[in-house]
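Quick notes on the structure that follows.
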Amino acid sequence: MDETPEFSESFRISGIAVNLTAGGEVWVEGVLVGQVSREKRFDQWFWRAVDGEQNEIKRFFTSRPEAIQLLLLRADLIEGIGF
């Protein structure tokens, strides 16, 4: 039996309701679409995105919403993004 994780944040990105866990997991309508995390490189903080199958999508986003939008795109929940 799958258990719904505890969400630390809920908001909308590109019109999609997104839930985040404290560990950075990104959930949409009860489905894990990936994870976002921060890392410090070159004396600056960046975001990275990893899809639900643990494939690293891209690193060095300047904002968390950009990383989440890419996960939504990969999950076929949005048709395109613009940065």
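Residues in the structure tokens are numbered from 1 in each chain, the chains being A, B, ... in the order shown, and ligands are numbered from 1 in the order shown.
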Test item: residues at most 12 Å from A:Glu39, only C-alpha atoms, excluding those fewer than 2 positions along its chain, as number ranges by chain: A: 36-37, 41-49, 59-64
Chain A: residues DSSP assigns to helix (DSSP H, G or I), reported as JSON, numbers by chain: {"A": [64, 65, 66, 67, 68, 69, 70, 71, 72, 73, 74]}
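Proximity of A:Leu73, A:Val50, A:Glu3, A:Glu29 to A:Ala17, computed with only C-alpha atoms, is greatest for A:Glu29.
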Filtered DSSP result for chain A, state strand (DSSP E or B), as a PyMOL selection string: chain A and resi 7-13+16-21+25-28+31-41+44-51+56-61
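In this model, the gap between atom CA of A:Ala75 and atom CA of A:Ser8 comes to 21.6 Å.
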Test item: residues at most 10 Å from A:Ser14, only C-alpha atoms, excluding those fewer than 5 positions along its chain, as number ranges by chain: A: 65, 68-69, 72, 77-78, 80-81
Take the residues just selected and output them with N, CA, C and O atoms as an mmCIF file, in the first residue's frame.
data_model
loop_
_atom_site.group_PDB
_atom_site.id
_atom_site.type_symbol
_atom_site.label_atom_id
_atom_site.label_comp_id
_atom_site.auth_asym_id
_atom_site.auth_seq_id
_atom_site.Cartn_x
_atom_site.Cartn_y
_atom_site.Cartn_z
ATOM 1 N N PRO A 65 11.758 27.116 -9.438
ATOM 2 C CA PRO A 65 10.658 26.959 -10.396
ATOM 3 C C PRO A 65 11.111 26.488 -11.782
ATOM 4 O O PRO A 65 10.424 25.698 -12.426
ATOM 5 N N ILE A 68 11.613 22.751 -11.533
ATOM 6 C CA ILE A 68 10.325 22.056 -11.444
ATOM 7 C C ILE A 68 9.609 22.076 -12.786
ATOM 8 O O ILE A 68 9.025 21.074 -13.201
ATOM 9 N N GLN A 69 9.664 23.185 -13.505
ATOM 10 C CA GLN A 69 9.038 23.248 -14.832
ATOM 11 C C GLN A 69 9.619 22.193 -15.763
ATOM 12 O O GLN A 69 8.889 21.575 -16.537
ATOM 13 N N LEU A 72 8.011 18.961 -14.978
ATOM 14 C CA LEU A 72 6.642 18.928 -15.498
ATOM 15 C C LEU A 72 6.633 18.673 -16.997
ATOM 16 O O LEU A 72 5.792 17.927 -17.509
ATOM 17 N N LEU A 77 3.226 17.038 -18.584
ATOM 18 C CA LEU A 77 2.165 17.790 -17.918
ATOM 19 C C LEU A 77 2.037 19.206 -18.485
ATOM 20 O O LEU A 77 1.012 19.847 -18.309
ATOM 21 N N ILE A 78 3.094 19.696 -19.137
ATOM 22 C CA ILE A 78 3.050 20.971 -19.847
ATOM 23 C C ILE A 78 3.712 20.762 -21.207
ATOM 24 O O ILE A 78 4.486 19.810 -21.391
ATOM 25 N N GLY A 80 5.520 23.177 -23.023
ATOM 26 C CA GLY A 80 6.751 23.918 -23.263
ATOM 27 C C GLY A 80 7.008 24.882 -22.139
ATOM 28 O O GLY A 80 6.135 25.186 -21.346
ATOM 29 N N ILE A 81 8.238 25.344 -22.084
ATOM 30 C CA ILE A 81 8.625 26.315 -21.061
ATOM 31 C C ILE A 81 9.491 27.387 -21.705
ATOM 32 O O ILE A 81 10.121 27.159 -22.722
#
Shell around A:Asp51 at 7 Å using only C-alpha atoms, local window under 3 positions removed, as a ChimeraX atom specification: /A:33-35,54-57,71
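The coordinates place atom CA of A:Asp76 at 24.2 Å from atom CA of A:Ala22.
Note that the spacing between atom CA of A:Thr21 and atom CA of A:Glu66 amounts to 17.3 Å.
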Pick out the residues sitting within 12 Å of A:Glu6, and hand them over as a PDB file with C-alpha atoms, in the first residue's frame; count only C-alpha atoms, and ignore anything fewer than 2 positions along from it in its own chain.
ATOM      1  CA  GLU A   3       1.544   6.022   1.499  1.00  0.00           C
ATOM      2  CA  THR A   4       1.245   9.684   0.576  1.00  0.00           C
ATOM      3  CA  SER A   8       6.153  20.834   3.227  1.00  0.00           C
ATOM      4  CA  GLU A   9       4.999  23.154   0.412  1.00  0.00           C
ATOM      5  CA  SER A  10       2.148  23.352  -2.083  1.00  0.00           C
ATOM      6  CA  ASN A  19       3.502  19.504  -3.835  1.00  0.00           C
ATOM      7  CA  LEU A  20       7.030  19.334  -2.413  1.00  0.00           C
ATOM      8  CA  THR A  21       8.357  17.218   0.420  1.00  0.00           C
ATOM      9  CA  ALA A  22      11.037  18.489   2.780  1.00  0.00           C
ATOM     10  CA  GLY A  23      13.527  16.338   0.821  1.00  0.00           C
ATOM     11  CA  GLY A  24      12.718  18.067  -2.467  1.00  0.00           C
ATOM     12  CA  GLU A  25      10.482  15.399  -4.013  1.00  0.00           C
ATOM     13  CA  VAL A  26       8.071  16.920  -6.526  1.00  0.00           C
ATOM     14  CA  TRP A  27       4.575  15.377  -6.577  1.00  0.00           C
ATOM     15  CA  GLY A  30      -0.257  11.817  -6.152  1.00  0.00           C
TER      16      GLY A  30
END
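Nearest-residue note for A:Glu79: choosing from A:Gly15, A:Lys58, A:Val31, A:Arg38, the minimum distance belongs to A:Gly15, counting only C-alpha atoms.
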